[in-house]
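Structure file data-v9.tsv (TSV, C-alpha atoms) follows.
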chain	number	residue	atom	x	y	z
A	1	MET	CA	22.81	-26.56	-70.38
A	2	VAL	CA	23.35	-25.00	-67.00
A	3	LEU	CA	26.89	-24.07	-68.02
A	4	THR	CA	25.56	-22.36	-71.17
A	5	LEU	CA	23.15	-20.33	-69.07
A	6	ALA	CA	25.92	-19.36	-66.65
A	7	PHE	CA	28.17	-18.33	-69.53
A	8	LEU	CA	25.37	-16.23	-71.02
A	9	LEU	CA	24.75	-14.47	-67.70
A	10	LEU	CA	28.46	-13.70	-67.37
A	11	ALA	CA	28.62	-12.45	-70.96
A	12	ALA	CA	25.69	-10.11	-70.30
A	13	ALA	CA	27.43	-8.93	-67.14
A	14	PHE	CA	30.61	-8.21	-69.10
A	15	GLY	CA	28.55	-6.26	-71.62
A	16	LEU	CA	26.89	-4.08	-68.97
A	17	ALA	CA	30.19	-3.37	-67.20
A	18	PHE	CA	31.76	-2.53	-70.55
A	19	ILE	CA	28.99	-0.08	-71.44
A	20	ARG	CA	29.44	1.60	-68.08
A	21	MET	CA	33.18	1.80	-68.71
A	22	VAL	CA	33.15	3.34	-72.20
A	23	ARG	CA	30.31	5.81	-71.93
A	24	ASP	CA	31.17	9.43	-71.43
A	25	PRO	CA	28.63	11.58	-69.55
A	26	LYS	CA	30.80	14.73	-69.93
A	27	ARG	CA	31.78	15.29	-66.34
A	28	ASP	CA	34.92	16.05	-64.37
A	29	HIS	CA	37.47	13.64	-65.76
A	30	ARG	CA	38.74	12.39	-62.38
A	31	LEU	CA	35.19	11.45	-61.44
A	32	LEU	CA	34.68	9.72	-64.76
A	33	THR	CA	37.93	7.83	-64.24
A	34	LEU	CA	36.73	6.65	-60.82
A	35	ASP	CA	33.55	5.34	-62.45
A	36	ARG	CA	35.71	3.48	-64.93
A	37	VAL	CA	37.94	2.08	-62.19
A	38	VAL	CA	34.87	0.67	-60.46
A	39	ALA	CA	33.68	-0.89	-63.72
A	40	LEU	CA	37.15	-2.31	-64.40
A	41	ASP	CA	37.31	-3.74	-60.89
A	42	LEU	CA	34.00	-5.48	-61.53
A	43	MET	CA	35.29	-6.79	-64.84
A	44	SER	CA	38.34	-8.32	-63.20
A	45	THR	CA	36.09	-10.02	-60.65
A	46	LEU	CA	33.91	-11.19	-63.54
A	47	SER	CA	36.95	-12.63	-65.29
A	48	ILE	CA	37.86	-14.63	-62.17
A	49	GLY	CA	34.36	-16.12	-62.35
A	50	LEU	CA	34.70	-16.69	-66.09
A	51	ILE	CA	38.04	-18.48	-65.73
A	52	THR	CA	36.59	-20.71	-63.02
A	53	LEU	CA	33.63	-21.52	-65.24
A	54	LEU	CA	36.00	-22.34	-68.11
A	55	ALA	CA	38.05	-24.56	-65.79
A	56	VAL	CA	34.87	-26.47	-64.92
A	57	ALA	CA	33.68	-26.61	-68.56
A	58	PHE	CA	36.98	-27.95	-69.90
A	59	ASN	CA	37.83	-29.97	-66.78
A	60	ARG	CA	41.18	-28.21	-66.38
A	61	PRO	CA	41.78	-27.37	-62.68
A	62	LEU	CA	45.12	-25.72	-63.55
A	63	MET	CA	43.23	-22.71	-64.94
A	64	LEU	CA	42.48	-21.68	-61.35
A	65	ASP	CA	46.09	-20.46	-61.09
A	66	ALA	CA	45.28	-17.76	-63.61
A	67	ALA	CA	42.29	-16.78	-61.45
A	68	ILE	CA	44.61	-16.39	-58.43
A	69	VAL	CA	46.93	-14.11	-60.40
A	70	ILE	CA	44.02	-11.96	-61.60
A	71	ALA	CA	42.65	-11.68	-58.06
A	72	LEU	CA	46.03	-10.44	-56.79
A	73	LEU	CA	46.61	-7.99	-59.65
A	74	ALA	CA	43.07	-6.58	-59.62
A	75	PHE	CA	43.34	-5.54	-55.98
A	76	LEU	CA	46.72	-3.88	-56.51
A	77	SER	CA	45.61	-1.97	-59.59
A	78	THR	CA	42.39	-0.76	-57.95
A	79	VAL	CA	44.25	0.52	-54.88
A	80	ALA	CA	46.91	2.17	-57.04
A	81	PHE	CA	44.28	3.90	-59.17
A	82	ALA	CA	42.37	5.14	-56.12
A	83	ARG	CA	45.52	6.54	-54.49
A	84	TYR	CA	46.59	8.21	-57.72
A	85	LEU	CA	43.23	9.85	-58.36
A	86	GLU	CA	42.95	11.03	-54.77
A	87	LYS	CA	46.34	12.79	-54.96
A	88	GLY	CA	45.52	14.20	-58.41
A	89	LYS	CA	45.68	17.94	-57.81
A	90	GLN	CA	48.85	18.10	-55.70
B	1	MET	CA	28.63	-33.05	-63.22
B	2	SER	CA	26.76	-33.13	-59.95
B	3	LEU	CA	23.53	-31.25	-59.39
B	4	LEU	CA	24.96	-29.36	-56.41
B	5	SER	CA	27.84	-27.97	-58.42
B	6	GLN	CA	25.45	-26.87	-61.19
B	7	VAL	CA	23.25	-25.09	-58.66
B	8	PHE	CA	26.27	-23.31	-57.16
B	9	LEU	CA	27.57	-22.25	-60.57
B	10	LEU	CA	24.18	-20.90	-61.57
B	11	ILE	CA	23.67	-18.97	-58.33
B	12	GLY	CA	27.15	-17.51	-58.70
B	13	ALA	CA	26.58	-16.45	-62.31
B	14	PHE	CA	23.24	-14.92	-61.32
B	15	PHE	CA	24.79	-12.79	-58.58
B	16	MET	CA	27.59	-11.66	-60.88
B	17	PHE	CA	24.92	-10.61	-63.37
B	18	VAL	CA	23.14	-8.73	-60.57
B	19	ALA	CA	26.42	-6.96	-59.78
B	20	ALA	CA	26.74	-5.86	-63.41
B	21	VAL	CA	23.13	-4.64	-63.52
B	22	GLY	CA	23.87	-2.73	-60.32
B	23	ILE	CA	26.96	-1.15	-61.89
B	24	TYR	CA	24.82	-0.14	-64.82
B	25	ARG	CA	21.72	1.06	-62.95
B	26	MET	CA	22.71	2.41	-59.55
B	27	PRO	CA	22.45	6.21	-59.45
B	28	ASP	CA	25.65	7.22	-57.65
B	29	LEU	CA	29.17	5.91	-57.30
B	30	TYR	CA	28.81	4.86	-53.66
B	31	MET	CA	25.91	2.55	-54.44
B	32	ARG	CA	27.80	1.12	-57.39
B	33	LEU	CA	30.54	0.30	-54.91
B	34	HIS	CA	27.95	-1.57	-52.81
B	35	THR	CA	27.09	-3.94	-55.64
B	36	ASN	CA	30.72	-4.25	-56.62
B	37	THR	CA	31.77	-5.25	-53.11
B	38	LYS	CA	28.94	-7.51	-52.12
B	39	SER	CA	27.22	-9.07	-55.12
B	40	ALA	CA	30.36	-9.63	-57.20
B	41	THR	CA	32.34	-11.17	-54.34
B	42	PHE	CA	29.37	-13.31	-53.36
B	43	GLY	CA	28.88	-14.48	-56.95
B	44	VAL	CA	32.54	-15.39	-57.45
B	45	SER	CA	32.53	-17.31	-54.17
B	46	PHE	CA	29.57	-19.37	-55.33
B	47	ILE	CA	31.20	-20.09	-58.69
B	48	LEU	CA	34.35	-21.20	-56.86
B	49	LEU	CA	32.25	-23.36	-54.51
B	50	GLY	CA	30.74	-24.94	-57.60
B	51	ALA	CA	34.24	-25.64	-58.91
B	52	ILE	CA	35.20	-27.20	-55.55
B	53	VAL	CA	32.19	-29.53	-55.66
B	54	HIS	CA	32.83	-30.32	-59.34
B	55	PHE	CA	36.53	-31.25	-59.04
B	56	TRP	CA	36.44	-32.48	-55.40
B	57	ASP	CA	40.21	-32.45	-55.15
B	58	LEU	CA	42.49	-31.10	-52.44
B	59	ALA	CA	44.61	-28.88	-54.74
B	60	VAL	CA	41.53	-27.22	-56.27
B	61	THR	CA	39.85	-26.83	-52.88
B	62	THR	CA	42.80	-25.07	-51.25
B	63	ARG	CA	43.24	-22.80	-54.27
B	64	ALA	CA	39.56	-21.88	-54.46
B	65	ILE	CA	39.34	-21.23	-50.72
B	66	ALA	CA	42.47	-19.07	-50.95
B	67	ILE	CA	40.85	-17.00	-53.71
B	68	ILE	CA	37.59	-16.67	-51.75
B	69	LEU	CA	39.36	-15.56	-48.57
B	70	PHE	CA	41.56	-13.15	-50.51
B	71	LEU	CA	38.54	-11.58	-52.22
B	72	PHE	CA	36.65	-11.27	-48.94
B	73	VAL	CA	39.61	-9.47	-47.37
B	74	THR	CA	40.45	-7.19	-50.29
B	75	ALA	CA	37.04	-6.20	-51.66
B	76	PRO	CA	36.11	-3.98	-48.67
B	77	ILE	CA	39.58	-2.41	-48.70
B	78	ALA	CA	39.33	-1.57	-52.39
B	79	ALA	CA	35.84	-0.16	-51.79
B	80	HIS	CA	37.15	1.98	-48.94
B	81	MET	CA	39.97	3.35	-51.10
B	82	ILE	CA	37.67	4.16	-54.03
B	83	GLY	CA	34.95	5.56	-51.77
B	84	ARG	CA	37.42	7.85	-50.00
B	85	ALA	CA	38.92	9.04	-53.29
B	86	ALA	CA	35.42	9.59	-54.69
B	87	TYR	CA	34.38	11.70	-51.71
B	88	ILE	CA	37.55	13.80	-51.89
B	89	VAL	CA	37.24	14.29	-55.65
B	90	GLY	CA	33.65	15.34	-55.01
B	91	ALA	CA	31.55	12.57	-56.47
B	92	PRO	CA	27.94	13.75	-56.08
B	93	LEU	CA	25.62	11.80	-53.81
B	94	TRP	CA	22.29	10.68	-55.21
B	95	PRO	CA	19.71	13.50	-54.67
B	96	GLY	CA	17.61	11.07	-52.60
B	97	THR	CA	20.37	10.73	-50.01
B	98	LEU	CA	18.90	11.68	-46.65
B	99	SER	CA	21.96	12.82	-44.68
B	100	ASP	CA	25.72	13.04	-45.04
B	101	ALA	CA	27.79	12.81	-41.87
B	102	LEU	CA	31.04	13.24	-43.78
B	103	LYS	CA	30.15	16.71	-45.07
B	104	GLY	CA	32.92	19.22	-44.32
B	105	MET	CA	35.01	16.70	-42.36
B	106	TYR	CA	37.86	16.42	-44.85
B	107	ASP	CA	40.65	18.97	-44.87
B	108	PRO	CA	40.59	20.23	-48.46
B	109	THR	CA	44.38	20.45	-48.85
B	110	THR	CA	45.79	17.60	-46.76
B	111	HIS	CA	42.79	15.25	-47.29
B	112	LYS	CA	43.00	14.42	-43.62
B	113	LEU	CA	39.77	13.49	-41.89
B	114	ALA	CA	38.98	15.64	-38.86
B	115	GLU	CA	39.27	14.24	-35.35
B	116	THR	CA	35.69	13.92	-34.22
B	117	LEU	CA	34.12	13.48	-30.86
B	118	LEU	CA	30.44	12.88	-31.25
B	119	PRO	CA	28.39	13.65	-28.15
B	120	GLU	CA	27.40	10.00	-27.78
B	121	ALA	CA	30.91	8.71	-28.38
B	122	ALA	CA	32.31	9.79	-25.03
B	123	PRO	CA	30.19	7.66	-22.63
B	124	ASN	CA	30.59	4.61	-24.85
B	125	ALA	CA	34.35	5.00	-24.90
B	126	SER	CA	34.53	5.22	-21.11
B	127	ASP	CA	32.36	2.10	-20.91
B	128	LEU	CA	35.15	0.10	-22.46
B	129	THR	CA	37.69	0.76	-19.74
B	130	ALA	CA	35.40	-0.19	-16.87
B	131	PRO	CA	34.96	-3.96	-16.42
B	132	SER	CA	31.32	-4.66	-17.17
B	133	ALA	CA	29.25	-7.11	-15.19
B	134	ASP	CA	28.11	-9.05	-18.23
B	135	HIS	CA	31.65	-9.54	-19.44
B	136	PRO	CA	31.70	-13.04	-20.95
B	137	PHE	CA	35.00	-14.14	-19.40
B	138	SER	CA	34.95	-12.60	-15.97
B	139	HIS	CA	34.04	-15.74	-14.09
C	1	MET	CA	45.72	-21.39	-26.48
C	2	LYS	CA	46.79	-24.59	-24.72
C	3	TYR	CA	43.42	-26.10	-25.48
C	4	PHE	CA	43.56	-24.98	-29.08
C	5	LEU	CA	46.85	-26.90	-29.47
C	6	LEU	CA	45.26	-29.88	-27.73
C	7	ASN	CA	42.33	-29.70	-30.11
C	8	ILE	CA	44.67	-29.54	-33.14
C	9	PHE	CA	46.62	-32.49	-31.70
C	10	LEU	CA	43.41	-34.50	-31.32
C	11	ALA	CA	42.41	-33.62	-34.89
C	12	VAL	CA	45.77	-34.73	-36.29
C	13	SER	CA	45.67	-37.97	-34.26
C	14	TRP	CA	42.20	-38.68	-35.60
C	15	ALA	CA	43.41	-38.09	-39.17
C	16	ILE	CA	46.46	-40.34	-38.67
C	17	LEU	CA	44.28	-43.11	-37.23
C	18	GLU	CA	41.91	-42.72	-40.17
C	19	GLY	CA	44.91	-43.41	-42.42
C	20	ALA	CA	45.07	-40.16	-44.39
C	21	ILE	CA	45.79	-36.58	-43.38
C	22	ASN	CA	43.35	-34.65	-45.56
C	23	ALA	CA	40.94	-31.79	-45.05
C	24	PRO	CA	37.72	-33.77	-44.33
C	25	ASN	CA	39.48	-36.02	-41.79
C	26	LEU	CA	41.06	-33.02	-40.08
C	27	VAL	CA	37.72	-31.20	-39.87
C	28	VAL	CA	35.96	-34.27	-38.47
C	29	GLY	CA	38.88	-34.78	-36.07
C	30	PHE	CA	38.67	-31.15	-34.92
C	31	ILE	CA	34.94	-31.44	-34.25
C	32	LEU	CA	35.43	-34.72	-32.37
C	33	GLY	CA	38.35	-33.23	-30.42
C	34	TYR	CA	36.15	-30.28	-29.49
C	35	LEU	CA	33.51	-32.73	-28.26
C	36	VAL	CA	36.17	-34.60	-26.23
C	37	ILE	CA	37.28	-31.35	-24.57
C	38	LEU	CA	33.61	-30.49	-24.03
C	39	ILE	CA	32.94	-33.82	-22.32
C	40	SER	CA	36.06	-33.69	-20.14
C	41	ARG	CA	35.45	-30.08	-19.09
C	42	ARG	CA	35.05	-30.94	-15.42
C	43	VAL	CA	38.61	-32.27	-15.34
C	44	LEU	CA	40.31	-29.86	-17.73
C	45	ARG	CA	38.34	-26.66	-16.99
C	46	PRO	CA	38.74	-25.22	-20.50
C	47	TYR	CA	35.82	-22.81	-20.15
C	48	ARG	CA	37.55	-19.87	-21.78
C	49	TYR	CA	38.53	-21.92	-24.81
C	50	LEU	CA	35.08	-23.47	-25.23
C	51	ARG	CA	33.43	-20.05	-25.03
C	52	LEU	CA	35.95	-18.54	-27.42
C	53	ILE	CA	35.27	-21.20	-30.07
C	54	ARG	CA	31.53	-20.77	-29.53
C	55	ARG	CA	31.78	-17.00	-29.90
C	56	VAL	CA	33.94	-17.22	-33.04
C	57	LEU	CA	31.41	-19.65	-34.49
C	58	SER	CA	28.55	-17.34	-33.53
C	59	LEU	CA	30.25	-14.41	-35.29
C	60	VAL	CA	30.97	-16.54	-38.37
C	61	MET	CA	27.39	-17.84	-38.57
C	62	PHE	CA	25.97	-14.35	-38.01
C	63	PHE	CA	28.30	-13.00	-40.68
C	64	LEU	CA	27.38	-15.67	-43.25
C	65	TRP	CA	23.69	-15.13	-42.51
C	66	SER	CA	23.99	-11.34	-42.94
C	67	LEU	CA	25.99	-11.92	-46.11
C	68	ILE	CA	23.17	-13.97	-47.65
C	69	VAL	CA	20.50	-11.53	-46.48
C	70	SER	CA	22.48	-8.54	-47.74
C	71	ASN	CA	22.95	-10.08	-51.17
C	72	LEU	CA	19.30	-10.99	-51.56
C	73	LEU	CA	18.32	-7.46	-50.47
C	74	LEU	CA	20.82	-5.88	-52.83
C	75	ALA	CA	19.75	-8.12	-55.70
C	76	TYR	CA	16.17	-7.05	-55.06
C	77	SER	CA	17.02	-3.36	-54.92
C	78	VAL	CA	19.09	-3.62	-58.10
C	79	LEU	CA	16.47	-5.50	-60.07
C	80	ALA	CA	13.44	-3.65	-58.67
C	81	PRO	CA	11.59	-1.66	-61.34
C	82	HIS	CA	12.22	1.71	-59.69
C	83	LEU	CA	14.98	2.89	-57.41
C	84	ASN	CA	12.92	5.21	-55.20
C	85	LEU	CA	12.72	2.75	-52.31
C	86	MET	CA	16.33	3.39	-51.36
C	87	ARG	CA	17.03	5.71	-48.42
C	88	PRO	CA	20.79	6.18	-48.52
C	89	ARG	CA	22.73	8.09	-45.88
C	90	ILE	CA	26.32	8.48	-44.79
C	91	VAL	CA	26.23	7.88	-41.04
C	92	ALA	CA	28.91	8.28	-38.37
C	93	VAL	CA	29.28	5.22	-36.15
C	94	PRO	CA	31.10	5.85	-32.84
C	95	LEU	CA	33.48	2.97	-32.21
C	96	ASP	CA	34.03	1.06	-28.99
C	97	VAL	CA	36.64	-1.35	-30.34
C	98	LYS	CA	40.23	-0.19	-30.10
C	99	GLY	CA	43.32	-1.15	-32.03
C	100	ASP	CA	44.10	-1.34	-35.72
C	101	VAL	CA	43.34	-5.02	-36.32
C	102	PRO	CA	39.90	-5.10	-34.61
C	103	ILE	CA	38.85	-1.89	-36.39
C	104	THR	CA	40.00	-3.27	-39.74
C	105	VAL	CA	38.09	-6.49	-39.16
C	106	LEU	CA	34.99	-4.55	-38.11
C	107	ALA	CA	35.19	-2.24	-41.14
C	108	ASN	CA	35.55	-5.21	-43.47
C	109	LEU	CA	32.62	-7.03	-41.84
C	110	ILE	CA	30.48	-3.87	-42.13
C	111	SER	CA	31.31	-3.59	-45.82
C	112	LEU	CA	30.13	-7.13	-46.45
C	113	THR	CA	26.85	-7.01	-44.51
C	114	PRO	CA	23.40	-5.64	-45.36
C	115	GLY	CA	23.43	-2.41	-47.30
C	116	SER	CA	26.40	-0.84	-45.53
C	117	LEU	CA	29.84	0.10	-46.80
C	118	SER	CA	32.55	1.62	-44.63
C	119	LEU	CA	34.03	4.67	-46.33
C	120	ASP	CA	36.60	6.08	-43.92
C	121	ILE	CA	37.65	6.42	-40.30
C	122	SER	CA	38.31	9.65	-38.40
C	123	SER	CA	41.99	10.29	-37.77
C	124	ASP	CA	41.62	9.64	-34.02
C	125	HIS	CA	40.14	6.18	-34.85
C	126	ARG	CA	36.95	6.76	-32.91
C	127	VAL	CA	34.31	7.25	-35.58
C	128	LEU	CA	33.68	5.12	-38.64
C	129	TYR	CA	31.84	6.68	-41.56
C	130	VAL	CA	29.49	4.21	-43.24
C	131	HIS	CA	27.37	4.55	-46.36
C	132	VAL	CA	24.06	2.77	-45.84
C	133	ILE	CA	21.48	2.12	-48.57
C	134	TYR	CA	18.39	1.52	-46.41
C	135	ALA	CA	18.59	4.03	-43.55
C	136	GLU	CA	15.14	5.45	-42.96
C	137	ASP	CA	16.02	6.01	-39.29
C	138	GLU	CA	19.58	7.14	-38.65
C	139	LYS	CA	19.70	6.22	-34.93
C	140	ALA	CA	18.33	2.73	-35.56
C	141	THR	CA	20.89	2.14	-38.31
C	142	VAL	CA	23.81	3.03	-36.08
C	143	ARG	CA	22.36	0.91	-33.28
C	144	ASN	CA	21.99	-2.10	-35.59
C	145	ILE	CA	25.63	-1.90	-36.63
C	146	LYS	CA	26.84	-1.53	-33.05
C	147	GLU	CA	24.67	-4.24	-31.54
C	148	GLY	CA	24.96	-6.73	-34.38
C	149	LEU	CA	28.55	-6.88	-35.50
C	150	GLU	CA	30.49	-4.80	-33.03
C	151	ARG	CA	29.07	-6.49	-29.94
C	152	ARG	CA	29.85	-9.93	-31.32
C	153	LEU	CA	33.32	-8.85	-32.35
C	154	ARG	CA	34.04	-7.33	-28.94
C	155	SER	CA	32.81	-10.38	-27.09
C	156	PHE	CA	35.77	-12.42	-28.24
C	157	LEU	CA	38.33	-9.72	-28.98
C	158	LEU	CA	38.48	-8.47	-25.41
C	159	PRO	CA	39.56	-11.72	-23.71
C	160	SER	CA	42.37	-12.23	-26.22
C	161	GLN	CA	43.57	-8.70	-25.50
C	162	GLU	CA	43.53	-9.51	-21.81
C	163	GLU	CA	45.67	-12.57	-22.41
C	164	ALA	CA	48.24	-10.65	-24.46

Would you write the structure of this file as structure tokens?
Amino acid sequence: MVLTLAFLLLAAAFGLAFIRMVRDPKRDHRLLTLDRVVALDLMSTLSIGLITLLAVAFNRPLMLDAAIVIALLAFLSTVAFARYLEKGKQ
Amino acid sequence: MSLLSQVFLLIGAFFMFVAAVGIYRMPDLYMRLHTNTKSATFGVSFILLGAIVHFWDLAVTTRAIAIILFLFVTAPIAAHMIGRAAYIVGAPLWPGTLSDALKGMYDPTTHKLAETLLPEAAPNASDLTAPSADHPFSH
Amino acid sequence: MKYFLLNIFLAVSWAILEGAINAPNLVVGFILGYLVILISRRVLRPYRYLRLIRRVLSLVMFFLWSLIVSNLLLAYSVLAPHLNLMRPRIVAVPLDVKGDVPITVLANLISLTPGSLSLDISSDHRVLYVHVIYAEDEKATVRNIKEGLERRLRSFLLPSQEEA
């Protein structure tokens, strides 16, 4: 019951982040990309939470390893994106 | 499943939902970074705490604590990188923003932040070198 | 440092005597070892160590408390029906802490506490630029940051720099 509610909340969160990521308010494209990077960063954090919830729901502690990998990769990709966009015009 | 773990999982899911609402609703990119850094990290930590209580096992505990610590160290760094890039690219501040101390401080070509000496920074800085009377370890 | 090793040693001995070296036993052993050092302070004179632990704990408790407050505040401001209550600013905070590691720690702590997010630092490392959501009064905001986090951070960073 509680797990269902938690899963629903996370699904709604994924939906909101996804809407923010795909919508196109017709602005400078680097700015739009930054918006999308922020939304993607949130989605990777959300997926860490989702994997942990799944590990609890299925009683499989090994799934936490996947969460570790996502945590490491998400940070690297966010930093790489930010550096790349900052240097854009040079 | 214990009650405590259920409560933790639910609190965590709620704060992650709040983070997503913030991403959707907040008016400018800097405030979206706020929710991304604080609410999302906080929510994930609570979900991981729930997992710790649920499994109550050394391997899970060390792993979950490693993830929590890693997130708490990296989230502000990622926010700093995105915030800096956003300011340089020229992300607009919300019209309700009251003041902007960063305005005109970046060099437009090198992206280097100017060396600043605020009027109130100088006395504070000289304070540091003089041993103060209320210094906690000068017994 | 000596007393920290002694405390670790006491914690490990406690865990061995309990029969299993695991996290709960080590934590209990560390707390008991701290109490032992506390009781025998007249003989050992470990005042610096006791104060250091107390100050680290004070910073950690203050940080956890601000973390909870900041998240409740942010949750409220996100879910509130209208967003006009926010008074965001980018403020410049003059820094008293020196050195890369203390500044990094301070910037990270600022990012995780109520309504503030460190954006960048001036290239001479003396001013930190912080985006704050609720900053009706600019001076008070800067003062809160300096007297809350930075003072606590300085109080136990300085002695360790003296030792080094």

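Considering only C-alpha atoms, the residue among A:Val56, A:Ser47, A:Ala66, A:Thr4 positioned nearest to chain B is A:Val56.
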
Counting all atoms listed in the file, which residue out of A:Ala80, A:Leu31, A:Ala11, A:Leu64 sits closest to Thr52 (chain A)? A:Leu64

Could you list the residues in chain B lying within 6 Å of chain A, using only C-alpha atoms, and format the result as a ChimeraX atom specification? /B:10,13,17,20,24,44,78,81-82,85

Contact table chain C vs chain B, cut-off 7 Å, shortest pair per residue, all atoms listed in the file, as JSON lines:
{"residue": "C:Arg48", "atom": "CA", "partner": "B:Phe137", "partner_atom": "CA", "distance": 6.7}
{"residue": "C:Asn71", "atom": "CA", "partner": "B:Ser39", "partner_atom": "CA", "distance": 5.9}
{"residue": "C:Ala75", "atom": "CA", "partner": "B:Val18", "partner_atom": "CA", "distance": 6.0}
{"residue": "C:Val78", "atom": "CA", "partner": "B:Gly22", "partner_atom": "CA", "distance": 5.3}
{"residue": "C:Arg87", "atom": "CA", "partner": "B:Thr97", "partner_atom": "CA", "distance": 6.2}
{"residue": "C:Pro88", "atom": "CA", "partner": "B:Thr97", "partner_atom": "CA", "distance": 4.8}
{"residue": "C:Arg89", "atom": "CA", "partner": "B:Ser99", "partner_atom": "CA", "distance": 4.9}
{"residue": "C:Ile90", "atom": "CA", "partner": "B:Asp100", "partner_atom": "CA", "distance": 4.6}
{"residue": "C:Val91", "atom": "CA", "partner": "B:Ala101", "partner_atom": "CA", "distance": 5.2}
{"residue": "C:Ala92", "atom": "CA", "partner": "B:Ala101", "partner_atom": "CA", "distance": 5.8}
{"residue": "C:Pro94", "atom": "CA", "partner": "B:Ala121", "partner_atom": "CA", "distance": 5.3}
{"residue": "C:Asp96", "atom": "CA", "partner": "B:Ala125", "partner_atom": "CA", "distance": 5.7}
{"residue": "C:Asn108", "atom": "CA", "partner": "B:Pro76", "partner_atom": "CA", "distance": 5.4}
{"residue": "C:Ser111", "atom": "CA", "partner": "B:Pro76", "partner_atom": "CA", "distance": 5.6}
{"residue": "C:Leu112", "atom": "CA", "partner": "B:Lys38", "partner_atom": "CA", "distance": 5.8}
{"residue": "C:Leu117", "atom": "CA", "partner": "B:His34", "partner_atom": "CA", "distance": 6.5}
{"residue": "C:Ser118", "atom": "CA", "partner": "B:His80", "partner_atom": "CA", "distance": 6.3}
{"residue": "C:Leu119", "atom": "CA", "partner": "B:His80", "partner_atom": "CA", "distance": 4.9}
{"residue": "C:Asp120", "atom": "CA", "partner": "B:Arg84", "partner_atom": "CA", "distance": 6.4}
{"residue": "C:Ser122", "atom": "CA", "partner": "B:Leu113", "partner_atom": "CA", "distance": 5.4}
{"residue": "C:Ser123", "atom": "CA", "partner": "B:Glu115", "partner_atom": "CA", "distance": 5.4}
{"residue": "C:Asp124", "atom": "CA", "partner": "B:Glu115", "partner_atom": "CA", "distance": 5.3}
{"residue": "C:Val127", "atom": "CA", "partner": "B:Thr116", "partner_atom": "CA", "distance": 6.9}
{"residue": "C:Tyr129", "atom": "CA", "partner": "B:Leu102", "partner_atom": "CA", "distance": 7.0}
{"residue": "C:Ser155", "atom": "CA", "partner": "B:Pro136", "partner_atom": "CA", "distance": 6.8}
{"residue": "C:Pro159", "atom": "CA", "partner": "B:Phe137", "partner_atom": "CA", "distance": 6.7}

How many Å separate CA of Gly104 (chain B) from CA of Ile88 (chain B)? 10.4 Å

Could you check which residues have any atom within 12 Å of (38.7, -32.2, -21.3), counting only C-alpha atoms with coordinates taken straight from the file, and then list them as an MDAnalysis selection string? chainID C and resid 2:4 6:7 10 32:47 49:50
